[in-house]
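Shown below: target.cif, with mmCIF, C-alpha atoms.
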data_model
#
loop_
_atom_site.label_atom_id
_atom_site.label_comp_id
_atom_site.auth_asym_id
_atom_site.auth_seq_id
_atom_site.Cartn_x
_atom_site.Cartn_y
_atom_site.Cartn_z
CA GLY A 1 0.00 0.00 0.00
CA GLU A 2 0.86 3.67 0.01
CA ASN A 3 3.44 5.00 2.45
CA VAL A 4 3.80 8.71 3.19
CA GLU A 5 6.79 10.11 5.04
CA GLN A 6 6.76 13.63 6.45
CA HIS A 7 9.60 15.85 7.66
CA PRO A 8 10.41 17.51 9.93
CA SER A 9 8.40 16.30 12.89
CA THR A 10 8.84 19.66 14.64
CA LEU A 11 9.58 23.08 13.20
CA SER A 12 10.04 26.42 14.95
CA VAL A 13 10.21 29.68 13.02
CA GLN A 14 10.18 33.35 13.89
CA GLU A 15 7.04 35.29 13.10
CA GLY A 16 7.27 36.63 9.58
CA ASP A 17 9.65 33.92 8.36
CA SER A 18 8.72 31.12 5.96
CA ALA A 19 8.08 27.50 6.86
CA VAL A 20 8.46 24.47 4.62
CA ILE A 21 7.21 20.96 5.32
CA LYS A 22 8.11 18.09 3.01
CA CYS A 23 6.47 14.75 2.23
CA THR A 24 7.38 11.81 0.06
CA TYR A 25 5.04 9.09 -1.15
CA SER A 26 5.71 5.60 -2.43
CA ASP A 27 2.85 4.78 -4.81
CA SER A 28 3.32 6.34 -8.22
CA ALA A 29 -0.41 5.85 -8.88
CA SER A 30 -1.33 8.40 -6.19
CA ASN A 31 -2.77 11.51 -7.76
CA TYR A 32 -4.33 13.60 -4.99
CA PHE A 33 -2.35 15.31 -2.23
CA PRO A 34 -4.12 17.33 0.46
CA TRP A 35 -2.71 19.16 3.46
CA TYR A 36 -4.50 19.41 6.78
CA LYS A 37 -4.03 21.71 9.75
CA GLN A 38 -4.95 20.49 13.21
CA GLU A 39 -5.33 22.85 16.12
CA LEU A 40 -5.26 21.59 19.67
CA GLY A 41 -8.37 19.63 20.59
CA LYS A 42 -9.87 19.82 17.12
CA GLY A 43 -10.13 17.63 14.06
CA PRO A 44 -7.85 18.17 11.07
CA GLN A 45 -9.01 20.82 8.62
CA LEU A 46 -8.22 20.85 4.91
CA ILE A 47 -6.14 23.91 4.01
CA ILE A 48 -4.96 23.21 0.47
CA ASP A 49 -4.73 20.32 -1.96
CA ILE A 50 -3.09 19.55 -5.28
CA ARG A 51 -3.74 17.06 -8.01
CA SER A 52 -1.11 15.29 -10.05
CA ASN A 53 -1.79 17.27 -13.21
CA VAL A 54 -0.63 20.46 -11.48
CA GLY A 55 2.88 21.36 -10.28
CA GLU A 56 2.06 24.18 -7.91
CA LYS A 57 -0.94 25.76 -6.25
CA LYS A 58 -1.18 28.89 -4.12
CA ASP A 59 -3.77 30.27 -1.76
CA GLN A 60 -2.74 33.55 -0.17
CA ARG A 61 0.18 32.74 2.17
CA ILE A 62 0.22 29.02 1.58
CA ALA A 63 1.41 27.07 -1.43
CA VAL A 64 1.96 23.45 -2.30
CA THR A 65 4.41 22.09 -4.87
CA LEU A 66 4.43 18.62 -6.37
CA ASN A 67 7.28 16.75 -8.06
CA LYS A 68 5.78 13.59 -9.53
CA THR A 69 9.09 12.28 -10.82
CA ALA A 70 10.67 12.38 -7.38
CA LYS A 71 7.37 11.55 -5.65
CA HIS A 72 7.51 14.35 -3.20
CA PHE A 73 5.37 17.37 -2.36
CA SER A 74 5.84 20.30 -0.04
CA LEU A 75 3.83 22.86 1.89
CA HIS A 76 5.14 26.42 1.98
CA ILE A 77 3.83 29.01 4.41
CA THR A 78 5.09 32.56 3.97
CA GLU A 79 4.92 35.48 6.42
CA THR A 80 4.10 33.13 9.26
CA GLN A 81 1.87 34.33 12.08
CA PRO A 82 1.31 32.95 15.59
CA GLU A 83 -2.07 31.56 14.51
CA ASP A 84 -0.23 29.32 12.03
CA SER A 85 1.06 27.33 15.01
CA ALA A 86 -0.54 23.88 14.75
CA VAL A 87 0.13 20.32 13.59
CA TYR A 88 0.19 19.91 9.82
CA PHE A 89 -0.45 16.62 8.03
CA CYS A 90 0.19 15.71 4.43
CA ALA A 91 -1.72 12.90 2.76
CA ALA A 92 -1.95 11.03 -0.51
CA SER A 93 -4.57 8.96 -2.25
CA ARG A 94 -4.83 6.76 -5.30
CA PRO A 95 -7.63 7.16 -7.81
CA THR A 96 -9.82 4.48 -6.21
CA THR A 97 -13.55 4.89 -5.77
CA ALA A 98 -13.28 5.23 -1.99
CA ARG A 99 -10.36 7.67 -2.17
CA GLN A 100 -8.80 6.46 1.08
CA LEU A 101 -6.22 8.92 2.35
CA THR A 102 -2.84 7.80 3.69
CA PHE A 103 -1.41 10.39 6.07
CA GLY A 104 2.08 11.43 7.02
CA SER A 105 3.05 11.44 10.69
CA GLY A 106 2.58 15.18 11.15
CA THR A 107 4.68 18.30 11.76
CA GLN A 108 4.28 20.46 14.86
CA LEU A 109 4.83 24.03 13.65
CA THR A 110 5.52 26.68 16.27
CA VAL A 111 5.66 30.33 15.23
CA LEU A 112 7.58 32.35 17.78
CA PRO A 113 6.45 35.97 18.30
CA ASP B 1 -17.94 21.51 10.33
CA ALA B 2 -20.17 20.37 7.47
CA GLY B 3 -22.65 18.84 9.92
CA ILE B 4 -20.53 16.05 11.35
CA THR B 5 -20.63 15.20 15.03
CA GLN B 6 -18.94 12.50 17.08
CA SER B 7 -20.08 11.10 20.37
CA PRO B 8 -18.97 10.75 23.03
CA ARG B 9 -16.13 13.31 23.06
CA HIS B 10 -14.33 11.51 25.87
CA LYS B 11 -14.64 8.02 27.27
CA VAL B 12 -12.76 5.93 29.80
CA THR B 13 -13.44 2.22 29.74
CA GLU B 14 -12.02 -0.93 31.20
CA THR B 15 -10.07 -3.59 29.34
CA GLY B 16 -12.33 -6.25 27.91
CA THR B 17 -15.49 -4.16 27.71
CA PRO B 18 -17.26 -3.36 24.44
CA VAL B 19 -17.29 0.26 23.30
CA THR B 20 -19.23 1.96 20.50
CA LEU B 21 -18.37 5.33 19.05
CA ARG B 22 -20.86 7.21 16.93
CA CYS B 23 -20.41 9.46 13.93
CA HIS B 24 -23.39 11.42 12.67
CA GLN B 25 -23.64 13.58 9.54
CA THR B 26 -26.47 15.77 8.37
CA GLU B 27 -25.55 16.23 4.69
CA ASN B 28 -26.17 12.81 3.12
CA HIS B 29 -22.56 12.17 2.03
CA ARG B 30 -21.93 8.68 0.73
CA TYR B 31 -18.38 8.08 1.97
CA MET B 32 -17.51 7.97 5.68
CA TYR B 33 -14.25 6.96 7.36
CA TRP B 34 -12.92 6.11 10.80
CA TYR B 35 -9.30 6.98 11.62
CA ARG B 36 -7.27 6.70 14.78
CA GLN B 37 -4.60 9.21 15.70
CA ASP B 38 -1.54 8.25 17.72
CA PRO B 39 1.70 10.17 18.32
CA GLY B 40 4.25 9.45 15.63
CA HIS B 41 1.74 7.67 13.40
CA GLY B 42 -0.41 10.43 12.06
CA LEU B 43 -3.89 9.22 11.20
CA ARG B 44 -4.45 5.61 10.23
CA LEU B 45 -7.55 4.28 8.52
CA ILE B 46 -9.58 1.73 10.50
CA HIS B 47 -12.68 1.18 8.35
CA TYR B 48 -14.65 3.08 5.78
CA SER B 49 -18.13 2.99 4.30
CA TYR B 50 -19.36 3.70 0.79
CA GLY B 51 -23.06 3.40 1.50
CA VAL B 52 -25.68 1.88 3.76
CA LYS B 53 -24.48 -1.57 4.81
CA ASP B 54 -21.42 -1.20 2.56
CA THR B 55 -18.17 -1.14 4.52
CA ASP B 56 -14.57 -2.21 4.07
CA LYS B 57 -11.40 -2.58 6.10
CA GLY B 58 -8.59 -0.10 6.35
CA GLU B 59 -4.98 -0.37 7.43
CA VAL B 60 -5.58 -1.09 11.14
CA SER B 61 -8.94 -2.87 11.29
CA ASP B 62 -8.06 -5.72 13.69
CA GLY B 63 -10.15 -5.50 16.86
CA TYR B 64 -12.69 -3.11 15.32
CA SER B 65 -16.01 -3.52 13.57
CA VAL B 66 -18.31 -0.97 11.97
CA SER B 67 -21.92 -0.65 10.96
CA ARG B 68 -23.89 1.74 8.80
CA SER B 69 -27.61 1.08 8.89
CA LYS B 70 -28.51 4.65 7.91
CA THR B 71 -26.75 7.12 5.63
CA GLU B 72 -26.24 9.57 8.45
CA ASP B 73 -24.74 7.24 11.07
CA PHE B 74 -21.46 5.33 11.04
CA LEU B 75 -20.69 3.35 14.19
CA LEU B 76 -17.30 2.05 15.30
CA THR B 77 -17.28 -0.81 17.81
CA LEU B 78 -14.41 -2.17 19.85
CA GLU B 79 -15.70 -5.63 20.69
CA SER B 80 -13.32 -6.11 23.63
CA ALA B 81 -11.27 -3.02 24.34
CA THR B 82 -7.52 -3.33 24.93
CA SER B 83 -4.99 -0.78 26.17
CA SER B 84 -3.49 -0.59 22.67
CA GLN B 85 -6.77 0.91 21.50
CA THR B 86 -6.30 3.96 23.69
CA SER B 87 -6.28 6.68 21.09
CA VAL B 88 -8.11 9.62 19.59
CA TYR B 89 -10.66 8.49 17.04
CA PHE B 90 -11.75 10.70 14.15
CA CYS B 91 -14.63 10.26 11.81
CA ALA B 92 -14.50 11.90 8.39
CA ILE B 93 -16.84 12.41 5.47
CA ARG B 94 -15.80 13.02 1.90
CA THR B 95 -17.33 16.31 0.97
CA GLN B 96 -15.71 17.22 -2.33
CA GLY B 97 -16.87 14.67 -4.84
CA LEU B 98 -14.71 12.12 -6.61
CA GLU B 99 -11.36 13.68 -5.72
CA GLY B 100 -12.55 15.04 -2.49
CA GLY B 101 -10.97 16.25 0.59
CA TYR B 102 -12.36 15.11 3.85
CA THR B 103 -14.17 16.98 6.58
CA PHE B 104 -13.31 15.62 10.01
CA GLY B 105 -15.30 15.52 13.19
CA SER B 106 -13.93 16.83 16.46
CA GLY B 107 -12.76 13.42 17.64
CA THR B 108 -13.36 11.02 20.52
CA ARG B 109 -10.61 10.55 23.08
CA LEU B 110 -10.81 6.96 24.28
CA THR B 111 -8.81 5.68 27.24
CA VAL B 112 -8.76 1.96 28.00
CA VAL B 113 -7.58 1.20 31.54
#

Reformat the file's structure so that it appears as structure tokens.
Amino acid sequence: GENVEQHPSTLSVQEGDSAVIKCTYSDSASNYFPWYKQELGKGPQLIIDIRSNVGEKKDQRIAVTLNKTAKHFSLHITETQPEDSAVYFCAASRPTTARQLTFGSGTQLTVLP
Amino acid sequence: DAGITQSPRHKVTETGTPVTLRCHQTENHRYMYWYRQDPGHGLRLIHYSYGVKDTDKGEVSDGYSVSRSKTEDFLLTLESATSSQTSVYFCAIRTQGLEGGYTFGSGTRLTVV
């Protein structure tokens, strides 16, 4: 089955700096790659996603890039703010009917004021 | 959160007892999923459903069963709880069509003593 590895497990940045989280996947058939943000005591929330026919996608301060050849994708957060502090998960899914997501192990991002 | 609720939010139970967790949605989505979240493992799929009475196993299904007798309810049962099943359990619904992202519930924190 699919295996998703995520790095780093913890990341601290100064407010206003950029943060980058990287994931690799094993199944070349995977074609959908979402990113989730989880705040303390809450369920994960979808923040951005990318499909395999696109190399990059942006939404305000966040962007995701995908390299299908190398089978890795990354989340970029610019101009970080304290409210960006949370756990971030990457995920991947194959084009099956049920679209089961396989998640990475998560990155605890701390934005220092 | 797209009309998805989990109950109970917290539960402490003894080893060997049966436990049922409930996921309820109000928007008639076809696909529903149960994940468990453990430190260092991200979220792992337990079972999923693609319709009433239609369910299938995920990555970590041993010791768990599910039922879906109505579109809106997806139940997860631990037939005989063990300490290794202490975890946070999340239900999710697929809300964005064929390539959809998930919407997660707020989670159930289960402690087996």

| task | For chain B, report every residue with an atom at most 6 Å from chain A (counting all atoms listed in the file), formatted as a PyMOL selection string. | result | chain B and resi 40-43+104-106

For the selection you just gave me, I'd like the residues written to a file as a PDB file, keeping the file's coordinate frame, keeping C-alpha atoms.
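Output contents, as saved in part_16.pdb:
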ATOM      1  CA  GLY B  40       4.250   9.450  15.630  1.00  0.00           C
ATOM      2  CA  HIS B  41       1.740   7.670  13.400  1.00  0.00           C
ATOM      3  CA  GLY B  42      -0.410  10.430  12.060  1.00  0.00           C
ATOM      4  CA  LEU B  43      -3.890   9.220  11.200  1.00  0.00           C
ATOM      5  CA  PHE B 104     -13.310  15.620  10.010  1.00  0.00           C
ATOM      6  CA  GLY B 105     -15.300  15.520  13.190  1.00  0.00           C
ATOM      7  CA  SER B 106     -13.930  16.830  16.460  1.00  0.00           C
TER       8      SER B 106
END

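Using all atoms listed in the file, the residues found no farther than 10 Å from Leu66 of chain A, other than those of its own chain fewer than 3 positions away, are Cys23, Thr24, Phe33, Ile50, Arg51, Ser52, Asn53, Val54, Gly55, Glu56, Lys57, Thr69, Ala70, Lys71, His72, Phe73, Ser74 and Leu75 of chain A.
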
| request: Compile the contact shell of segment 3-11 of chain B as a VMD selection string: residues with an atom at most 10 Å away, counting all atoms listed in the file, same-chain residues fewer than 5 positions apart removed. | output: chain B and resid 19 to 28 72 to 75 86 88 to 93 103 to 112

| task | Any chance you could resolve the PyMOL selection byres ((chain B and resi 83) around 10) against this file and give the residues as a count of residues only? | result | 14

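Straight-line separation from atom CA of Gln37 of chain B to atom CA of Ser28 of chain A: 25.4 Å.
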
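Minimum atom-to-atom distances from A:Gln38, A:Thr78, A:Thr10, A:Gln108 to Gln60 of chain A were compared using all atoms listed in the file, and the lowest value belongs to A:Thr78.
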
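In this structure, atom CA of Val20 of chain A sits 17.8 Å away from atom CA of Ala92 of chain A.
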
| query | Hey, can you check how far atom CA of Leu45 of chain B sits from atom CA of Leu109 of chain A? | reply | 23.9 Å

| the PyMOL selection byres ((chain A and resi 14) around 9) resolved against shown file, as a list in words | Ser12, Val13, Glu15, Gly16, Asp17, Ser18, Thr80, Gln81, Thr110, Val111, Leu112 and Pro113 of chain A

Find the spatial neighbours of Arg44 of chain B, counting only C-alpha atoms, within a cut-off of 7 Å - ignore same-chain residues fewer than 6 positions away - and output them as an mmCIF file with C-alpha atoms, in the coordinates of the input.
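part.cif was written with the following content:
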data_model
loop_
_atom_site.group_PDB
_atom_site.id
_atom_site.type_symbol
_atom_site.label_atom_id
_atom_site.label_comp_id
_atom_site.auth_asym_id
_atom_site.auth_seq_id
_atom_site.Cartn_x
_atom_site.Cartn_y
_atom_site.Cartn_z
ATOM 1 C CA TYR B 35 -9.300 6.980 11.620
ATOM 2 C CA ARG B 36 -7.270 6.700 14.780
ATOM 3 C CA GLN B 37 -4.600 9.210 15.700
ATOM 4 C CA GLU B 59 -4.980 -0.370 7.430
ATOM 5 C CA VAL B 60 -5.580 -1.090 11.140
#

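For the residues A:Val64, A:Lys22, A:Ala29, A:Leu11, ranking by smallest atom-to-atom distance to Val87 of chain A using only C-alpha atoms places A:Leu11 first.
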
| Residues selected by the PyMOL selection byres ((chain B and resi 49) around 8), written as a list in words | Arg30, Tyr31, Met32, Tyr33, His47, Tyr48, Tyr50, Gly51, Val52, Lys53, Asp54, Thr55, Asp56, Arg68 and Phe74 of chain B

Taking all heavy atoms as the atom set, what does segment 66-77 of chain B look like once completed, written as a short mmCIF file (atom, residue, chain, number, x, y, z; two decimals), keeping the file's coordinate frame?
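The new file result-v3.cif reads:
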data_model
loop_
_atom_site.label_atom_id
_atom_site.label_comp_id
_atom_site.auth_asym_id
_atom_site.auth_seq_id
_atom_site.Cartn_x
_atom_site.Cartn_y
_atom_site.Cartn_z
N VAL B 66 -17.52 -2.17 12.26
CA VAL B 66 -18.31 -0.97 11.97
C VAL B 66 -19.68 -1.39 11.46
O VAL B 66 -19.89 -2.52 11.02
CB VAL B 66 -17.65 -0.06 10.91
CG1 VAL B 66 -16.41 0.62 11.48
CG2 VAL B 66 -17.32 -0.83 9.65
N SER B 67 -20.60 -0.43 11.54
CA SER B 67 -21.92 -0.65 10.96
C SER B 67 -22.47 0.66 10.44
O SER B 67 -22.19 1.73 11.01
CB SER B 67 -22.88 -1.27 11.98
OG SER B 67 -23.14 -0.36 13.03
N ARG B 68 -23.24 0.55 9.37
CA ARG B 68 -23.89 1.74 8.80
C ARG B 68 -25.28 1.31 8.32
O ARG B 68 -25.44 0.85 7.19
CB ARG B 68 -23.06 2.31 7.67
CG ARG B 68 -23.54 3.71 7.28
CD ARG B 68 -22.56 4.36 6.36
NE ARG B 68 -23.01 5.68 5.93
CZ ARG B 68 -22.51 6.31 4.89
NH1 ARG B 68 -21.55 5.75 4.17
NH2 ARG B 68 -22.96 7.50 4.56
N SER B 69 -26.24 1.47 9.20
CA SER B 69 -27.61 1.08 8.89
C SER B 69 -28.41 2.24 8.30
O SER B 69 -29.47 2.04 7.70
CB SER B 69 -28.30 0.55 10.14
OG SER B 69 -28.29 1.54 11.16
N LYS B 70 -27.89 3.45 8.48
CA LYS B 70 -28.51 4.65 7.91
C LYS B 70 -27.41 5.51 7.30
O LYS B 70 -26.28 5.49 7.76
CB LYS B 70 -29.25 5.46 8.98
CG LYS B 70 -30.38 4.72 9.66
CD LYS B 70 -31.10 5.64 10.65
CE LYS B 70 -30.22 5.97 11.84
NZ LYS B 70 -30.95 6.78 12.85
N THR B 71 -27.74 6.27 6.28
CA THR B 71 -26.75 7.12 5.63
C THR B 71 -26.05 8.03 6.62
O THR B 71 -24.84 8.25 6.54
CB THR B 71 -27.40 7.97 4.53
OG1 THR B 71 -27.97 7.11 3.55
CG2 THR B 71 -26.39 8.89 3.86
N GLU B 72 -26.78 8.55 7.57
CA GLU B 72 -26.24 9.57 8.45
C GLU B 72 -25.39 9.06 9.61
O GLU B 72 -24.68 9.83 10.23
CB GLU B 72 -27.38 10.45 9.00
CG GLU B 72 -28.45 9.69 9.76
CD GLU B 72 -29.63 9.32 8.90
OE1 GLU B 72 -29.42 9.01 7.70
OE2 GLU B 72 -30.76 9.32 9.43
N ASP B 73 -25.44 7.76 9.90
CA ASP B 73 -24.74 7.24 11.07
C ASP B 73 -23.73 6.16 10.70
O ASP B 73 -24.05 5.21 9.99
CB ASP B 73 -25.73 6.67 12.09
CG ASP B 73 -26.52 7.75 12.78
OD1 ASP B 73 -25.97 8.84 13.02
OD2 ASP B 73 -27.70 7.50 13.11
N PHE B 74 -22.53 6.30 11.26
CA PHE B 74 -21.46 5.33 11.04
C PHE B 74 -20.90 4.99 12.41
O PHE B 74 -20.35 5.87 13.08
CB PHE B 74 -20.40 5.92 10.11
CG PHE B 74 -19.38 4.95 9.59
CD1 PHE B 74 -19.68 3.61 9.39
CD2 PHE B 74 -18.10 5.38 9.26
CE1 PHE B 74 -18.74 2.72 8.89
CE2 PHE B 74 -17.15 4.50 8.76
CZ PHE B 74 -17.47 3.18 8.58
N LEU B 75 -21.07 3.76 12.85
CA LEU B 75 -20.69 3.35 14.19
C LEU B 75 -19.40 2.54 14.16
O LEU B 75 -19.22 1.67 13.30
CB LEU B 75 -21.79 2.51 14.83
CG LEU B 75 -23.19 3.14 14.89
CD1 LEU B 75 -24.17 2.17 15.55
CD2 LEU B 75 -23.16 4.47 15.61
N LEU B 76 -18.53 2.81 15.12
CA LEU B 76 -17.30 2.05 15.30
C LEU B 76 -17.39 1.32 16.62
O LEU B 76 -17.63 1.94 17.66
CB LEU B 76 -16.09 2.99 15.30
CG LEU B 76 -14.73 2.33 15.55
CD1 LEU B 76 -14.30 1.47 14.37
CD2 LEU B 76 -13.66 3.39 15.83
N THR B 77 -17.19 0.00 16.60
CA THR B 77 -17.28 -0.81 17.81
C THR B 77 -15.96 -1.51 18.10
O THR B 77 -15.36 -2.12 17.20
CB THR B 77 -18.40 -1.85 17.70
OG1 THR B 77 -19.66 -1.18 17.57
CG2 THR B 77 -18.45 -2.73 18.94
#
